[in-house]
file target.pdb (PDB, C-alpha atoms)
ATOM      1  CA  MET A   1      -5.955  17.035 -17.630
ATOM      2  CA  LYS A   2      -3.224  17.640 -15.106
ATOM      3  CA  ALA A   3      -1.696  14.575 -13.453
ATOM      4  CA  ASN A   4      -1.797  14.353  -9.677
ATOM      5  CA  LYS A   5       1.588  14.823  -8.015
ATOM      6  CA  TYR A   6       1.107  11.807  -5.734
ATOM      7  CA  THR A   7      -0.161   8.265  -6.040
ATOM      8  CA  TYR A   8      -2.109   7.159  -2.969
ATOM      9  CA  LEU A   9      -1.567   3.614  -1.737
ATOM     10  CA  TRP A  10      -2.562   1.059   0.858
ATOM     11  CA  VAL A  11       0.443  -0.879   2.150
ATOM     12  CA  ILE A  12       0.269  -4.177   4.045
ATOM     13  CA  TRP A  13       2.976  -4.323   6.709
ATOM     14  CA  THR A  14       3.881  -7.712   8.201
ATOM     15  CA  ASN A  15       5.818  -8.818  11.247
ATOM     16  CA  TYR A  16       7.098 -12.389  11.433
ATOM     17  CA  GLY A  17       8.946 -11.689  14.691
ATOM     18  CA  TYR A  18      11.864  -9.735  13.216
ATOM     19  CA  GLY A  19      10.293  -6.295  12.851
ATOM     20  CA  TRP A  20       7.780  -4.632  10.569
ATOM     21  CA  GLU A  21       8.369  -4.768   6.817
ATOM     22  CA  PRO A  22       6.219  -3.561   3.914
ATOM     23  CA  GLU A  23       4.959  -6.656   2.121
ATOM     24  CA  SER A  24       2.730  -5.377  -0.686
ATOM     25  CA  SER A  25       1.150  -2.122  -1.863
ATOM     26  CA  TYR A  26      -2.093  -1.378  -3.710
ATOM     27  CA  ASP A  27      -3.136   1.697  -5.674
ATOM     28  CA  LYS A  28      -6.299   3.170  -4.163
ATOM     29  CA  LYS A  29      -7.763   3.959  -7.593
ATOM     30  CA  GLU A  30      -7.446   0.359  -8.792
ATOM     31  CA  THR A  31      -8.118  -1.766  -5.689
ATOM     32  CA  LYS A  32     -10.979  -1.901  -3.220
ATOM     33  CA  TYR A  33     -10.184  -1.889   0.485
ATOM     34  CA  SER A  34     -11.996  -5.214   0.939
ATOM     35  CA  GLN A  35      -9.456  -6.875  -1.374
ATOM     36  CA  VAL A  36      -6.571  -5.448   0.667
ATOM     37  CA  VAL A  37      -8.145  -6.787   3.883
ATOM     38  CA  ALA A  38      -8.588 -10.221   2.274
ATOM     39  CA  ASP A  39      -4.913 -10.286   1.274
ATOM     40  CA  ALA A  40      -3.887  -9.244   4.805
ATOM     41  CA  LYS A  41      -5.878 -12.194   6.183
ATOM     42  CA  GLU A  42      -3.819 -14.543   4.008
ATOM     43  CA  TYR A  43      -0.619 -13.219   5.599
ATOM     44  CA  ARG A  44      -2.172 -13.793   9.043
ATOM     45  CA  ILE A  45      -2.896 -17.404   8.113
ATOM     46  CA  ALA A  46       0.826 -17.767   7.327
ATOM     47  CA  GLY A  47       1.630 -16.644  10.882
ATOM     48  CA  ALA A  48       2.395 -12.943  10.492
ATOM     49  CA  GLN A  49       1.020  -9.963  12.363
ATOM     50  CA  THR A  50      -0.368  -7.473   9.849
ATOM     51  CA  LYS A  51      -1.378  -3.838   9.646
ATOM     52  CA  ILE A  52      -2.664  -1.767   6.748
ATOM     53  CA  ARG A  53      -1.365   1.781   6.383
ATOM     54  CA  ASN A  54      -2.191   4.650   4.036
ATOM     55  CA  THR A  55       0.748   6.210   2.252
ATOM     56  CA  ARG A  56       1.564   8.241  -0.826
ATOM     57  CA  ALA A  57       4.387   8.142  -3.339
ATOM     58  CA  LEU A  58       5.458  10.515  -6.072
ATOM     59  CA  ASN A  59       3.571   9.864  -9.293
ATOM     60  CA  GLN A  60       6.034   8.795 -11.996
ATOM     61  CA  SER A  61       4.040  10.403 -14.811
ATOM     62  CA  TYR A  62       4.006  13.716 -12.927
ATOM     63  CA  THR A  63       7.791  13.792 -12.472
ATOM     64  CA  GLN A  64       8.352  12.986 -16.168
ATOM     65  CA  GLN A  65       6.217  15.968 -17.268
ATOM     66  CA  MET A  66       8.432  18.468 -15.487
TER
END

call {"tool": "encode", "arguments": {"input": "target.pdb", "output": "structure tokens"}}
result
Amino acid sequence: MKANKYTYLWVIWTNYGYGWEPESSYDKKETKYSQVVADAKEYRIAGAQTKIRNTRALNQSYTQQM
């Protein structure tokens, strides 16, 4: 089976008052969205503004096949 060129991710971005930074990322195949939302709530409890964004990255196994 052919490997997908990209890995699709959810990324939690946080802002503690100094600008937005990516805090953690989750593979969409391995993690449910409800778990990502629960983790974002924990950052909010710590005092950060949060947002969850969809993104993609090059799949490492795909680039090694070429």

call {"tool": "resolve_selection", "arguments": {"input": "target.pdb", "expression": "the PyMOL selection byres ((chain A and resi 16) around 10)", "output": "list in words"}}
result
Thr14, Asn15, Gly17, Tyr18, Gly19, Trp20, Glu21, Tyr43, Arg44, Ala46, Gly47, Ala48, Gln49 and Thr50 of chain A

call {"tool": "write_last_selection", "arguments": {"input": "target.pdb", "atoms": "C-alpha atoms", "output": "PDB file, in the coordinates of the input"}}
result
ATOM      1  CA  THR A  14       3.881  -7.712   8.201  1.00  0.00           C
ATOM      2  CA  ASN A  15       5.818  -8.818  11.247  1.00  0.00           C
ATOM      3  CA  GLY A  17       8.946 -11.689  14.691  1.00  0.00           C
ATOM      4  CA  TYR A  18      11.864  -9.735  13.216  1.00  0.00           C
ATOM      5  CA  GLY A  19      10.293  -6.295  12.851  1.00  0.00           C
ATOM      6  CA  TRP A  20       7.780  -4.632  10.569  1.00  0.00           C
ATOM      7  CA  GLU A  21       8.369  -4.768   6.817  1.00  0.00           C
ATOM      8  CA  TYR A  43      -0.619 -13.219   5.599  1.00  0.00           C
ATOM      9  CA  ARG A  44      -2.172 -13.793   9.043  1.00  0.00           C
ATOM     10  CA  ALA A  46       0.826 -17.767   7.327  1.00  0.00           C
ATOM     11  CA  GLY A  47       1.630 -16.644  10.882  1.00  0.00           C
ATOM     12  CA  ALA A  48       2.395 -12.943  10.492  1.00  0.00           C
ATOM     13  CA  GLN A  49       1.020  -9.963  12.363  1.00  0.00           C
ATOM     14  CA  THR A  50      -0.368  -7.473   9.849  1.00  0.00           C
TER      15      THR A  50
END

call {"tool": "closest_residue", "arguments": {"input": "target.pdb", "among": "A:Ala57, A:Asp39, A:Tyr62, A:Glu30", "to": "Tyr8 of chain A", "atoms": "only C-alpha atoms"}}
result
A:Ala57

call {"tool": "atom_distance", "arguments": {"input": "target.pdb", "atom1": "atom CA of Lys51 of chain A", "atom2": "atom CA of Leu9 of chain A"}}
result
13.6 Å

call {"tool": "atom_distance", "arguments": {"input": "target.pdb", "atom1": "atom CA of Asn4 of chain A", "atom2": "atom CA of Ser25 of chain A"}}
result
18.5 Å

call {"tool": "resolve_selection", "arguments": {"input": "target.pdb", "expression": "the PyMOL selection byres ((chain A and resi 23) around 6)", "output": "VMD selection string"}}
result
chain A and resid 12 to 13 22 24

call {"tool": "write_last_selection", "arguments": {"input": "target.pdb", "atoms": "C-alpha atoms", "output": "CSV table (one decimal), in the coordinates of the input"}}
result
chain,number,residue,atom,x,y,z
A,12,ILE,CA,0.3,-4.2,4.0
A,13,TRP,CA,3.0,-4.3,6.7
A,22,PRO,CA,6.2,-3.6,3.9
A,24,SER,CA,2.7,-5.4,-0.7

call {"tool": "atom_distance", "arguments": {"input": "target.pdb", "atom1": "atom CA of Arg56 of chain A", "atom2": "atom CA of Trp10 of chain A"}}
result
8.5 Å

call {"tool": "axis_aligned_box", "arguments": {"input": "target.pdb", "around": "segment 15-26 of chain A", "padding_each_side": "3 Å", "output": "lines of an AutoDock Vina configuration file"}}
result
center_x = 4.9
center_y = -6.9
center_z = 5.5
size_x = 20.0
size_y = 17.0
size_z = 24.4
